[in-house]
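With compact mmCIF, C-alpha atoms and all ligand atoms inside, this is my_file_28.txt:
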# COMPACT_ATOMS: atom_id res chain seq x y z
CA MET A 583 99.21 71.08 115.41
CA ASP A 584 99.82 67.97 113.33
CA LEU A 585 103.12 68.60 111.55
CA VAL A 586 102.67 65.73 109.10
CA LEU A 587 100.95 66.85 105.90
CA ASN A 588 97.61 65.14 105.29
CA ALA A 589 96.77 63.65 101.87
CA GLU A 590 95.10 66.84 100.64
CA GLU A 591 98.05 68.97 101.72
CA GLN A 592 100.48 66.56 100.08
CA ALA A 593 98.52 66.77 96.81
CA PHE A 594 98.62 70.55 97.02
CA GLN A 595 102.37 70.45 97.67
CA THR A 596 102.86 68.24 94.57
CA GLN A 597 100.76 70.62 92.45
CA VAL A 598 102.82 73.63 93.56
CA ARG A 599 106.10 71.79 93.08
CA GLU A 600 105.16 70.67 89.57
CA PHE A 601 104.01 74.11 88.53
CA LEU A 602 107.20 75.76 89.76
CA ALA A 603 109.38 73.08 88.15
CA THR A 604 107.72 73.18 84.74
CA LYS A 605 106.55 76.75 84.16
CA MET A 606 109.67 78.68 85.09
CA PRO A 607 111.40 79.93 81.89
CA PRO A 608 114.99 78.54 81.99
CA GLU A 609 116.64 81.93 81.40
CA ILE A 610 114.83 83.36 84.42
CA GLN A 611 115.81 80.38 86.57
CA GLU A 612 119.44 80.73 85.51
CA ARG A 613 119.37 84.41 86.39
CA VAL A 614 117.92 83.65 89.84
CA ARG A 615 120.57 81.01 90.44
CA LEU A 616 123.35 83.45 89.51
CA ALA A 617 122.05 86.55 91.25
CA PRO A 618 118.87 86.06 93.31
CA SER A 619 118.89 89.66 94.48
CA TYR A 620 119.36 91.21 91.02
CA VAL A 621 116.71 89.72 88.82
CA PRO A 622 115.80 92.32 86.16
CA LYS A 623 112.37 93.92 86.33
CA GLU A 624 111.43 92.40 82.94
CA TYR A 625 111.97 88.88 84.30
CA THR A 626 110.13 89.55 87.56
CA GLY A 627 107.24 91.03 85.57
CA ARG A 628 107.09 88.05 83.17
CA TRP A 629 107.10 85.58 86.05
CA GLN A 630 104.42 87.57 87.87
CA GLN A 631 102.28 87.37 84.72
CA LEU A 632 102.67 83.56 84.68
CA LEU A 633 101.67 83.34 88.35
CA TYR A 634 98.70 85.56 87.62
CA GLU A 635 97.59 83.30 84.76
CA GLN A 636 97.80 80.33 87.12
CA GLY A 637 95.58 82.22 89.61
CA TRP A 638 98.44 82.52 92.11
CA GLY A 639 99.45 86.13 91.46
CA ALA A 640 98.67 87.41 94.95
CA PRO A 641 97.84 84.51 97.31
CA GLY A 642 97.40 86.79 100.33
CA TRP A 643 94.81 89.12 98.78
CA PRO A 644 91.08 88.72 99.31
CA VAL A 645 89.63 86.34 96.72
CA GLU A 646 87.50 89.07 95.10
CA TYR A 647 90.68 90.93 94.10
CA GLY A 648 92.58 87.89 92.83
CA GLY A 649 93.68 86.12 96.05
CA THR A 650 93.67 82.32 96.27
CA GLY A 651 91.64 81.87 99.46
CA TRP A 652 94.24 79.38 100.70
CA ASN A 653 94.26 78.49 104.39
CA ALA A 654 97.31 79.16 106.57
CA MET A 655 98.78 75.70 105.93
CA GLN A 656 98.42 76.02 102.16
CA LYS A 657 100.10 79.44 102.29
CA TYR A 658 102.92 77.92 104.32
CA ILE A 659 103.39 75.04 101.87
CA TYR A 660 103.30 77.40 98.92
CA ASP A 661 105.85 79.81 100.48
CA ALA A 662 108.18 76.95 101.41
CA GLU A 663 108.04 75.42 97.91
CA TYR A 664 108.34 78.79 96.24
CA GLN A 665 111.40 79.83 98.23
CA ALA A 666 113.08 76.47 97.65
CA ALA A 667 112.57 76.50 93.88
CA ASP A 668 114.96 79.17 92.51
CA CYS A 669 112.02 81.37 91.48
CA PRO A 670 112.39 85.16 91.35
CA ARG A 671 111.15 86.79 94.52
CA GLN A 672 107.82 88.47 93.81
CA SER A 673 108.22 92.21 94.11
CA PRO A 674 107.19 92.56 97.77
CA PHE A 675 106.24 96.23 97.65
CA GLY A 676 103.26 95.76 95.34
CA ILE A 677 102.04 92.25 96.11
CA SER A 678 102.77 91.90 99.84
CA MET A 679 102.70 95.49 101.04
CA VAL A 680 100.66 98.14 99.26
CA GLY A 681 98.29 95.67 97.51
CA PRO A 682 96.68 94.43 100.76
CA VAL A 683 96.44 98.04 102.00
CA ILE A 684 94.61 99.14 98.83
CA CYS A 685 92.31 96.09 99.04
CA ALA A 686 91.45 96.94 102.66
CA PHE A 687 91.36 100.74 102.69
CA GLY A 688 91.53 102.02 99.08
CA THR A 689 88.71 103.79 97.27
CA ASP A 690 87.01 102.04 94.35
CA ALA A 691 88.98 104.29 91.97
CA GLN A 692 92.31 103.36 93.67
CA LYS A 693 91.46 99.64 93.49
CA GLU A 694 90.50 99.99 89.83
CA GLN A 695 93.68 101.87 88.98
CA HIS A 696 96.26 99.86 90.92
CA LEU A 697 95.31 96.28 91.78
CA GLY A 698 95.23 94.91 88.22
CA PRO A 699 98.63 96.32 87.16
CA ILE A 700 100.21 95.00 90.41
CA ILE A 701 98.87 91.46 90.19
CA ARG A 702 99.69 91.23 86.45
CA GLY A 703 103.27 92.38 87.03
CA GLU A 704 102.87 95.53 84.93
CA LYS A 705 103.60 98.21 87.53
CA PHE A 706 106.34 98.23 90.15
CA TRP A 707 106.27 99.92 93.53
CA CYS A 708 108.71 101.12 96.14
CA GLN A 709 108.34 101.88 99.83
CA GLY A 710 108.98 105.47 100.96
CA TYR A 711 109.14 105.10 104.73
CA SER A 712 112.70 105.62 106.04
CA GLU A 713 114.34 109.06 106.19
CA PRO A 714 117.88 110.10 107.15
CA ASP A 715 116.73 110.84 110.73
CA SER A 716 113.85 108.38 110.94
CA GLY A 717 114.50 104.66 110.64
CA SER A 718 113.71 102.58 113.71
CA ASP A 719 111.94 105.62 115.12
CA LEU A 720 109.79 105.90 112.01
CA ALA A 721 107.02 107.95 113.60
CA SER A 722 109.43 110.91 113.80
CA LEU A 723 109.44 111.24 109.99
CA SER A 724 109.35 114.77 108.62
CA THR A 725 108.65 114.61 104.86
CA ARG A 726 105.89 117.18 104.70
CA ALA A 727 102.64 117.05 102.69
CA VAL A 728 100.68 120.32 102.73
CA ALA A 729 97.17 120.43 101.27
CA ASN A 730 96.78 123.00 98.49
CA GLY A 731 93.51 122.88 96.53
CA ASP A 732 93.00 119.36 95.20
CA ASP A 733 96.66 118.50 95.73
CA TYR A 734 99.21 117.90 98.42
CA VAL A 735 102.54 119.66 97.94
CA ILE A 736 105.26 117.32 99.17
CA ASN A 737 108.78 118.28 100.29
CA GLY A 738 111.31 116.04 101.96
CA HIS A 739 113.88 113.28 101.69
CA LYS A 740 113.53 109.50 101.84
CA ILE A 741 116.47 107.12 102.04
CA TRP A 742 117.29 103.41 101.56
CA THR A 743 114.42 103.24 99.09
CA SER A 744 114.88 99.84 97.45
CA HIS A 745 114.22 99.79 93.69
CA ALA A 746 113.00 103.42 93.55
CA HIS A 747 114.90 103.73 90.25
CA HIS A 748 112.72 100.99 88.69
CA ALA A 749 109.48 101.87 90.42
CA ASP A 750 106.44 103.35 88.70
CA TRP A 751 104.80 104.21 92.04
CA MET A 752 105.77 104.79 95.66
CA PHE A 753 103.64 104.36 98.76
CA CYS A 754 104.88 107.06 101.04
CA LEU A 755 104.45 108.13 104.66
CA THR A 756 104.24 111.89 104.95
CA ARG A 757 103.62 114.32 107.77
CA THR A 758 100.33 116.15 107.32
CA ASP A 759 100.05 117.50 110.88
CA PRO A 760 103.24 118.54 112.67
CA ASP A 761 101.43 119.70 115.82
CA CYS A 762 100.19 116.49 117.39
CA LYS A 763 101.59 113.21 118.71
CA PRO A 764 104.01 111.89 116.02
CA GLN A 765 101.90 108.82 115.16
CA GLU A 766 98.77 110.91 114.73
CA GLY A 767 99.95 113.39 112.07
CA ILE A 768 100.98 110.98 109.30
CA SER A 769 99.22 110.28 105.99
CA PHE A 770 99.74 107.36 103.59
CA ILE A 771 100.00 108.70 100.03
CA LEU A 772 100.46 106.98 96.67
CA ILE A 773 102.90 108.88 94.45
CA ASP A 774 103.47 108.46 90.72
CA MET A 775 107.26 108.36 90.42
CA SER A 776 107.17 110.31 87.14
CA THR A 777 105.71 113.39 88.88
CA PRO A 778 107.85 116.54 88.39
CA GLY A 779 110.01 117.42 91.41
CA ILE A 780 111.07 113.86 92.30
CA THR A 781 114.80 113.13 92.13
CA VAL A 782 116.13 109.60 92.64
CA LYS A 783 119.82 109.29 93.54
CA PRO A 784 121.56 105.92 93.67
CA ILE A 785 123.26 104.44 96.73
CA ILE A 786 125.69 101.73 95.68
CA SER A 787 125.75 99.05 98.36
CA ILE A 788 128.80 97.20 99.65
CA ASP A 789 128.28 94.38 97.14
CA GLY A 790 128.83 96.82 94.27
CA HIS A 791 125.24 96.90 93.01
CA HIS A 792 122.62 99.59 92.63
CA TYR A 793 119.59 98.53 94.60
CA LEU A 794 119.09 101.34 97.10
CA ASN A 795 118.32 105.02 96.58
CA GLU A 796 117.71 108.38 98.11
CA VAL A 797 114.53 110.09 96.93
CA PHE A 798 114.11 113.86 97.13
CA PHE A 799 110.77 115.67 96.88
CA ASP A 800 110.80 119.33 95.84
CA ASP A 801 107.31 120.84 95.66
CA VAL A 802 105.88 117.61 94.28
CA ARG A 803 102.14 117.99 93.59
CA VAL A 804 100.13 114.85 94.26
CA PRO A 805 96.33 114.68 94.06
CA VAL A 806 94.59 114.43 97.45
CA ALA A 807 92.67 111.57 95.79
CA ASN A 808 95.92 109.53 96.03
CA ARG A 809 95.74 109.45 99.81
CA ILE A 810 94.80 106.12 101.33
CA GLY A 811 91.99 106.40 103.87
CA GLU A 812 91.75 109.31 106.24
CA GLU A 813 94.19 112.17 106.59
CA ASN A 814 96.51 111.77 109.62
CA LYS A 815 95.58 108.09 110.01
CA GLY A 816 98.49 106.80 107.92
CA TRP A 817 100.16 105.11 110.89
CA THR A 818 97.18 102.72 111.15
CA TYR A 819 97.58 101.68 107.51
CA ALA A 820 101.36 101.45 107.91
CA LYS A 821 100.93 99.05 110.85
CA PHE A 822 98.44 96.97 108.87
CA LEU A 823 101.04 96.76 106.10
CA LEU A 824 103.76 95.64 108.53
CA GLY A 825 101.56 92.69 109.53
CA HIS A 826 101.62 91.60 105.87
CA GLU A 827 105.37 92.25 105.58
CA ARG A 828 105.84 89.47 108.16
CA THR A 829 104.56 86.85 105.71
CA GLY A 830 107.42 84.51 104.88
CA ILE A 831 109.92 86.75 106.66
CA ALA A 832 111.70 83.76 108.20
CA GLY A 833 112.75 82.61 104.72
CA VAL A 834 112.80 78.95 105.78
CA GLY A 835 112.50 77.58 102.24
CA LYS A 836 115.23 79.90 101.01
CA SER A 837 117.58 78.83 103.79
CA LYS A 838 116.84 75.15 103.17
CA ARG A 839 117.90 75.71 99.57
CA LYS A 840 121.06 77.36 100.86
CA VAL A 841 121.83 74.35 103.07
CA GLU A 842 121.64 72.10 99.99
CA ARG A 843 123.88 74.45 98.03
CA LEU A 844 126.35 74.68 100.93
CA LYS A 845 126.63 70.88 101.11
CA ASP A 846 127.12 70.65 97.33
CA ILE A 847 129.88 73.25 97.42
CA ALA A 848 131.58 71.85 100.53
CA GLY A 849 131.41 68.41 98.94
CA VAL A 850 133.62 69.41 95.99
CA GLU A 851 135.85 72.13 97.47
CA LEU A 852 139.11 70.77 98.84
CA ASP A 853 141.04 71.63 101.97
CA GLY A 854 144.34 69.81 102.46
CA GLY A 855 143.38 67.31 99.76
CA GLN A 856 140.09 66.37 101.46
CA SER A 857 136.67 67.78 100.74
CA VAL A 858 135.64 70.58 103.08
CA LEU A 859 132.57 68.52 103.93
CA SER A 860 134.72 65.70 105.24
CA ASP A 861 136.04 67.99 107.98
CA PRO A 862 134.04 67.02 111.13
CA SER A 863 134.19 70.51 112.59
CA PHE A 864 132.81 72.05 109.39
CA ARG A 865 130.07 69.42 109.27
CA ALA A 866 129.23 70.20 112.90
CA ARG A 867 128.76 73.87 112.01
CA ILE A 868 126.44 72.95 109.14
CA SER A 869 124.46 70.77 111.56
CA GLN A 870 124.20 73.61 114.06
CA ALA A 871 122.80 75.87 111.34
CA GLU A 872 120.34 73.16 110.29
CA VAL A 873 119.16 72.72 113.88
CA ALA A 874 118.67 76.48 114.23
CA LEU A 875 116.76 76.48 110.94
CA GLN A 876 114.54 73.66 112.13
CA ALA A 877 113.81 75.62 115.30
CA VAL A 878 112.73 78.60 113.18
CA GLU A 879 110.56 76.35 111.03
CA PHE A 880 108.83 74.82 114.06
CA THR A 881 108.23 78.27 115.53
CA GLN A 882 106.68 79.30 112.24
CA LEU A 883 104.46 76.21 112.28
CA ARG A 884 103.38 76.96 115.86
CA ILE A 885 102.42 80.49 114.83
CA LEU A 886 100.57 79.05 111.82
CA ALA A 887 98.70 76.67 114.09
CA GLN A 888 97.52 79.67 116.11
CA GLU A 889 96.48 81.39 112.90
CA LYS A 890 94.60 78.26 111.85
CA ALA A 891 92.74 78.44 115.16
CA GLY A 892 91.69 81.99 114.29
CA GLN A 893 94.34 83.88 116.28
CA PRO A 894 96.41 86.40 114.24
CA PRO A 895 100.22 86.28 114.65
CA GLY A 896 101.21 88.12 117.81
CA PRO A 897 104.46 89.88 118.76
CA GLU A 898 106.18 86.49 119.15
CA ALA A 899 106.39 86.48 115.32
CA SER A 900 109.41 88.77 115.89
CA THR A 901 111.40 85.64 116.80
CA LEU A 902 110.97 84.51 113.17
CA LYS A 903 112.63 87.66 111.86
CA ILE A 904 115.54 87.28 114.29
CA GLY A 905 116.04 83.52 113.90
CA GLY A 906 115.47 83.44 110.14
CA THR A 907 117.89 86.23 109.32
CA GLN A 908 120.60 84.89 111.67
CA VAL A 909 120.46 81.44 110.08
CA GLU A 910 120.61 82.96 106.61
CA GLN A 911 123.70 84.98 107.52
CA THR A 912 125.41 81.91 109.05
CA LEU A 913 124.78 79.88 105.90
CA ASN A 914 126.18 82.68 103.74
CA GLU A 915 129.32 82.76 105.92
CA LEU A 916 129.78 79.00 105.67
CA MET A 917 129.54 79.09 101.86
CA ILE A 918 132.20 81.79 101.78
CA GLU A 919 134.45 79.70 104.04
CA ALA A 920 133.90 76.67 101.84
CA ILE A 921 135.14 78.38 98.67
CA GLY A 922 138.07 79.95 100.55
CA ASN A 923 140.26 82.46 98.71
CA TYR A 924 138.04 82.45 95.65
CA ALA A 925 135.49 84.43 97.65
CA ALA A 926 137.87 87.40 97.62
CA PRO A 927 137.62 88.50 93.94
CA PHE A 928 133.99 89.40 93.39
CA PRO A 929 133.63 91.73 90.39
CA ALA A 930 130.09 93.12 90.50
CA ASP A 931 129.53 92.24 86.84
CA ALA A 932 130.36 88.54 87.41
CA GLN A 933 126.65 87.97 87.88
CA ASP A 934 125.71 89.48 84.52
CA MET A 935 124.57 86.86 82.05
CA GLU A 936 125.99 88.99 79.22
CA ARG A 937 129.52 88.87 80.68
CA ASN A 938 131.78 86.94 78.32
CA GLU A 939 134.74 86.35 80.65
CA PRO A 940 134.97 83.15 82.64
CA PRO A 941 134.45 83.53 86.40
CA ILE A 942 137.50 83.92 88.61
CA GLY A 943 137.36 80.67 90.54
CA PRO A 944 134.71 77.96 90.48
CA ALA A 945 131.38 78.69 88.79
CA HIS A 946 129.50 77.75 91.97
CA GLY A 947 131.26 80.63 93.73
CA VAL A 948 129.79 83.35 91.52
CA GLY A 949 127.60 85.72 93.53
CA LEU A 950 128.30 84.17 96.93
CA MET A 951 130.26 87.13 98.26
CA GLN A 952 127.72 89.61 96.86
CA GLU A 953 124.94 87.67 98.57
CA ARG A 954 126.85 87.50 101.83
CA LEU A 955 127.56 91.25 101.83
CA LEU A 956 124.05 92.28 100.79
CA ARG A 957 122.41 90.03 103.36
CA ARG A 958 124.43 91.57 106.18
CA ALA A 959 121.55 94.04 105.96
CA ALA A 960 118.93 91.33 106.61
CA THR A 961 119.21 91.96 110.35
CA ILE A 962 118.56 95.68 109.70
CA TYR A 963 115.77 95.95 107.13
CA GLY A 964 112.16 95.01 107.85
CA GLY A 965 112.65 96.30 111.43
CA SER A 966 116.14 95.73 112.87
CA ASN A 967 116.72 92.66 115.05
CA GLU A 968 117.43 94.91 118.05
CA ILE A 969 113.98 96.43 117.65
CA GLN A 970 112.48 92.93 117.34
CA ARG A 971 114.20 92.00 120.61
CA ASN A 972 112.69 95.08 122.25
CA ILE A 973 109.25 93.94 121.03
CA ILE A 974 109.78 90.47 122.48
CA ALA A 975 111.05 91.93 125.79
CA LYS A 976 108.09 94.25 126.16
CA ALA A 977 105.16 92.50 124.51
CA VAL A 978 105.99 88.80 125.05
CA LEU A 979 108.15 88.66 128.18
CA GLU A 980 106.52 91.78 129.68
CA LEU A 981 109.87 93.00 131.00
C1 LIG B 1001 119.19 96.84 102.27
C2 LIG B 1001 118.17 97.76 102.87
C3 LIG B 1001 116.97 97.98 102.19
C4 LIG B 1001 116.04 98.88 102.71
N1 LIG B 1001 114.91 99.15 101.97
C5 LIG B 1001 114.03 100.10 102.44
C6 LIG B 1001 112.92 100.49 101.63
O1 LIG B 1001 112.70 99.99 100.53
N2 LIG B 1001 112.11 101.46 102.10
C7 LIG B 1001 112.29 102.05 103.31
O2 LIG B 1001 111.50 102.91 103.70
N3 LIG B 1001 113.36 101.72 104.10
C8 LIG B 1001 114.23 100.75 103.68
N4 LIG B 1001 115.32 100.41 104.44
C9 LIG B 1001 115.57 101.12 105.70
C10 LIG B 1001 115.35 100.28 106.93
O3 LIG B 1001 113.99 100.12 107.20
C11 LIG B 1001 116.10 101.01 108.07
O4 LIG B 1001 117.48 100.92 107.78
C12 LIG B 1001 115.83 100.40 109.41
O5 LIG B 1001 114.50 100.66 109.81
C13 LIG B 1001 116.79 100.96 110.48
O6 LIG B 1001 116.76 102.35 110.48
P1 LIG B 1001 118.12 103.21 110.37
O7 LIG B 1001 118.92 102.69 109.22
O8 LIG B 1001 117.74 104.64 110.37
O9 LIG B 1001 118.93 102.87 111.68
P2 LIG B 1001 118.67 103.45 113.13
O10 LIG B 1001 117.21 103.41 113.44
O11 LIG B 1001 119.39 104.75 113.27
O12 LIG B 1001 119.40 102.37 114.02
C14 LIG B 1001 120.83 102.26 114.11
C15 LIG B 1001 121.16 101.11 115.03
O13 LIG B 1001 120.62 101.37 116.34
C16 LIG B 1001 119.75 100.31 116.74
N5 LIG B 1001 118.61 100.89 117.45
C17 LIG B 1001 117.84 101.93 117.05
N6 LIG B 1001 116.88 102.16 117.96
C18 LIG B 1001 117.04 101.23 118.94
C19 LIG B 1001 116.35 100.95 120.15
N7 LIG B 1001 115.28 101.65 120.52
N8 LIG B 1001 116.80 99.91 120.90
C20 LIG B 1001 117.88 99.17 120.54
N9 LIG B 1001 118.58 99.42 119.39
C21 LIG B 1001 118.16 100.41 118.61
C22 LIG B 1001 119.29 99.67 115.44
O14 LIG B 1001 118.91 98.32 115.63
C23 LIG B 1001 120.53 99.79 114.59
O15 LIG B 1001 121.42 98.74 114.87
C24 LIG B 1001 116.27 99.51 103.96
C25 LIG B 1001 117.46 99.26 104.64
C26 LIG B 1001 118.40 98.41 104.12
C27 LIG B 1001 119.67 98.20 104.90
Let me see whether you can do it: turn the structure in this file into structure tokens.
Ligand SMILES: Cc1cc2nc3c(=O)[nH]c(=O)nc-3n(C[C@H](O)[C@H](O)[C@H](O)COP(=O)(O)OP(=O)(O)OC[C@H]3O[C@@H](n4cnc5c(N)ncnc54)[C@H](O)[C@@H]3O)c2cc1C
Amino acid sequence: MDLVLNAEEQAFQTQVREFLATKMPPEIQERVRLAPSYVPKEYTGRWQQLLYEQGWGAPGWPVEYGGTGWNAMQKYIYDAEYQAADCPRQSPFGISMVGPVICAFGTDAQKEQHLGPIIRGEKFWCQGYSEPDSGSDLASLSTRAVANGDDYVINGHKIWTSHAHHADWMFCLTRTDPDCKPQEGISFILIDMSTPGITVKPIISIDGHHYLNEVFFDDVRVPVANRIGEENKGWTYAKFLLGHERTGIAGVGKSKRKVERLKDIAGVELDGGQSVLSDPSFRARISQAEVALQAVEFTQLRILAQEKAGQPPGPEASTLKIGGTQVEQTLNELMIEAIGNYAAPFPADAQDMERNEPPIGPAHGVGLMQERLLRRAATIYGGSNEIQRNIIAKAVLEL
């Protein structure tokens, strides 16, 4: 694959860059800079609306439902520019996960009801997969859906459900047949979060924020018409969704932005009267992280080249998840080291724009510890890195 962008690709890159630089409302950009993981729903929705108006609301969807029809290289350029531009992350659950599933397997009524509100940023979704006893071994899940007339009656308990407290809808894996092989008795059901019998309980994460939840279902009645595809075939749709979850998982653009920020911070923070950046050993560690990041980027480009040649990403895409999340965590650690003791006080409300007290320590330190603590989970969510290594061992190295 030619890694140098051709003239057409460069023009596309300029168009994306200009759009992101000029259309982002300043208050949203400031919020993203302060607290990238805690951008309020109103801001994410407004930004999604602007992307939709530009025709870029859901690049990965088929064109007939609002997708852009971009080729793999254009998608790569767009993702890289997007991640590097301090834009709010698009809500992944609607756009990247359930949207493509509805496009591919939904009924006309489901497409009519859901696709528009997702792409316009009007309705938010959450992902009801994990349970207290089913995480990596997801197929063992036990939340039960029992058919009763035109409804399913759902009972069970989901956990680690990101943004369930903001979500209008959940896409949920439920067990509809307990008497067959685990993967064969699962159905993929869309649940309106305002349905009676649903209780959402917060889990406050180590960074002091409310992002995660437990969700309890007590005799929740959901129309059978909300099931995606065939009963007991939910695992097929869940696997299709995971393929889409991989998009941009390496976070190369985001980490490049972090490298810039790290250098800025290390350039002004002092250690023994000298800037942290002037310390050769610190600089060497930044270089190591940059080299690792470049390796991830090249791997991503190799996988893209395969995609361009008509071959879908194979199990080797797991290396992107591992490499990308490790680099991100290293960069977070280095930023913490660079600001030194000022990383220690990290009041959760320091990231609130309404807060009227000055930050404890330098302004560029606000949110760094929260980000570092939250992203410790990056090697767990989206399929833990240990599981990714198992995939590589079995499916790539054939061990
Ligand atoms: C911040 C965050 C957000 C999340 N958001 C969501 C969400 O929105 N929706 C949702 O459904 N879930 C969500 N999850 C859950 C996430 O998908 C699970 O945490 C993940 O799949 C791991 O499952 P588990 O926590 O049950 O750990 P376990 O599966 O119990 O694993 C525990 C440890 O054992 C290791 N392990 C397990 N099995 C193996 C094996 N076979 N070989 C080697 N090592 C193994 C794991 O890597 C891990 O280190 C989120 C998790 C986090 C941390």
What are the nearest atom pairs, with distances in Å to one decimal, for all residues of chain A that come at most 9 Å from ligand LIG 1001 (chain B), using only C-alpha atoms and all ligand atoms, set out by chain and rising residue number as a tab-separated table?
residue	atom	partner	partner_atom	distance
A:Phe675	CA	B:LIG1001	O1	8.0
A:Cys708	CA	B:LIG1001	O1	6.0
A:Gln709	CA	B:LIG1001	N2	4.4
A:Gly710	CA	B:LIG1001	O2	4.5
A:Tyr711	CA	B:LIG1001	O2	3.4
A:Ser712	CA	B:LIG1001	O2	3.8
A:Glu713	CA	B:LIG1001	O8	7.0
A:Pro714	CA	B:LIG1001	O8	6.3
A:Asp715	CA	B:LIG1001	O8	6.3
A:Ser716	CA	B:LIG1001	O8	5.4
A:Gly717	CA	B:LIG1001	O6	3.2
A:Ser718	CA	B:LIG1001	O10	3.6
A:Asp719	CA	B:LIG1001	O10	6.0
A:Leu720	CA	B:LIG1001	O5	7.4
A:Lys740	CA	B:LIG1001	O2	7.1
A:Ile741	CA	B:LIG1001	N3	6.6
A:Trp742	CA	B:LIG1001	C8	4.6
A:Thr743	CA	B:LIG1001	O1	3.9
A:Ser744	CA	B:LIG1001	O1	3.8
A:His745	CA	B:LIG1001	O1	7.0
A:Ala746	CA	B:LIG1001	O1	7.8
A:Cys754	CA	B:LIG1001	O2	8.3
A:Leu755	CA	B:LIG1001	O2	8.8
A:Ser787	CA	B:LIG1001	C1	8.0
A:Tyr793	CA	B:LIG1001	C1	7.9
A:Leu794	CA	B:LIG1001	C3	6.5
A:Asn795	CA	B:LIG1001	O1	8.5
A:Leu956	CA	B:LIG1001	C1	6.8
A:Arg957	CA	B:LIG1001	C1	7.6
A:Arg958	CA	B:LIG1001	C27	8.3
A:Ala959	CA	B:LIG1001	C27	4.7
A:Ala960	CA	B:LIG1001	C1	7.0
A:Thr961	CA	B:LIG1001	O14	8.3
A:Ile962	CA	B:LIG1001	C12	5.5
A:Tyr963	CA	B:LIG1001	C10	4.4
A:Gly964	CA	B:LIG1001	O3	5.5
A:Gly965	CA	B:LIG1001	O5	5.0
A:Ser966	CA	B:LIG1001	O14	4.7
A:Asn967	CA	B:LIG1001	O14	6.1
A:Glu968	CA	B:LIG1001	O14	4.4
A:Ile969	CA	B:LIG1001	N8	5.5
A:Gln970	CA	B:LIG1001	O14	8.6
A:Arg971	CA	B:LIG1001	C20	8.1
A:Asn972	CA	B:LIG1001	N8	6.5
Do you have the CA of Ala887 in chain A-CA of Glu980 in chain A distance handy?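 Between these atoms lies a distance of 23.1 Å.
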May I ask for the distance between CA of Asn808 in chain A and CA of Ser673 in chain A, given in Å to one decimal place? 21.3 Å
Just checking: using all atoms listed in the file, which residue out of A:Ala877, A:Ala729, A:Ala832, A:Ile677 ends up closest to Gly906 in chain A?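 Going through A:Ala877, A:Ala729, A:Ala832, A:Ile677 one by one, the smallest distance to Gly906 in chain A is for A:Ala832.
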Could the residues of range 632-708 of chain A that have an atom at most 12 Å from range 605-620 of chain A be listed as a tab-separated table, each with its closest atom pair and the distance in Å to one decimal, counting all atoms listed in the file and ordered by chain and ascending residue number?
residue	atom	partner	partner_atom	distance
A:Leu632	CA	A:Lys605	CA	7.9
A:Leu633	CA	A:Lys605	CA	9.2
A:Glu635	CA	A:Lys605	CA	11.1
A:Gln636	CA	A:Lys605	CA	9.9
A:Tyr664	CA	A:Met606	CA	11.2
A:Gln665	CA	A:Pro618	CA	10.9
A:Ala666	CA	A:Arg615	CA	11.3
A:Ala667	CA	A:Gln611	CA	8.9
A:Asp668	CA	A:Val614	CA	6.0
A:Cys669	CA	A:Gln611	CA	6.3
A:Pro670	CA	A:Val614	CA	5.9
A:Arg671	CA	A:Pro618	CA	7.8
A:Gln672	CA	A:Ser619	CA	11.2
A:Ser673	CA	A:Ser619	CA	11.0
With distances taken over all atoms listed in the file, which of A:His696, A:Lys623, A:Val806, A:Asp759 is nearest to Gly731 in chain A? A:Val806
Write out as a JSON list (two decimals) with C-alpha atoms, in the coordinates of the input each polymer residue whose atoms come within 9 Å of Lys840 in chain A, counting only C-alpha atoms; drop sequence neighbours fewer than 5 positions from it.
[["chain", "number", "residue", "atom", "x", "y", "z"],
["A", 666, "ALA", "CA", 113.08, 76.47, 97.65],
["A", 835, "GLY", "CA", 112.50, 77.58, 102.24],
["A", 845, "LYS", "CA", 126.63, 70.88, 101.11],
["A", 910, "GLU", "CA", 120.61, 82.96, 106.61],
["A", 913, "LEU", "CA", 124.78, 79.88, 105.90],
["A", 914, "ASN", "CA", 126.18, 82.68, 103.74],
["A", 917, "MET", "CA", 129.54, 79.09, 101.86]]
What is the CA of Pro644 in chain A-CA of Phe687 in chain A distance in Å, reported with one decimal? 12.5 Å
My list of candidates is A:Ser837, A:Ser678, A:Gln882, A:Gln656. Which is closest to Gln592 in chain A when distances are computed with all atoms listed in the file?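 When distances to Gln592 in chain A are compared using all atoms listed in the file, the smallest one comes from A:Gln656.
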Nearby residues (only C-alpha atoms) at most 12 Å from Ala874 in chain A, same-chain spacing under 3 positions excluded, as an MDAnalysis selection string: chainID A and resid 832 834 837:838 841 867:871 877:881 901:902 904:913
Nearest-residue call for Asn923 in chain A, choices A:Glu796, A:Asp853, A:Ile659, A:Ala807, using only C-alpha atoms: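 Closest to Asn923 in chain A, using only C-alpha atoms: A:Asp853.
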Using all atoms listed in the file: which of A:Gly896, A:Gly790, A:Pro927, A:Pro940 has the shortest distance to Ile974 in chain A: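 Ranked by minimum distance to Ile974 in chain A, first place goes to A:Gly896.
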Please list, as number ranges by chain, the residues that have an atom at most 9 Å away from (103.2, 84.3, 123.6) in the coordinates of this file, counting only C-alpha atoms. A: 896-898, 977-979
Any chance you could work out the axis-aligned box around range 679-687 of chain A, listed atoms only, 3 Å on each side, giving centre and edge lengths in Å to one decimal, as AutoDock Vina command-line options?
--center_x 97.0 --center_y 97.6 --center_z 100.1 --size_x 17.3 --size_y 12.3 --size_z 11.2
A:Ala891, A:Cys762, A:Met679, A:Val598: which is nearest Glu663 in chain A, counting all atoms listed in the file?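 Nearest candidate to Glu663 in chain A out of A:Ala891, A:Cys762, A:Met679, A:Val598: A:Val598.
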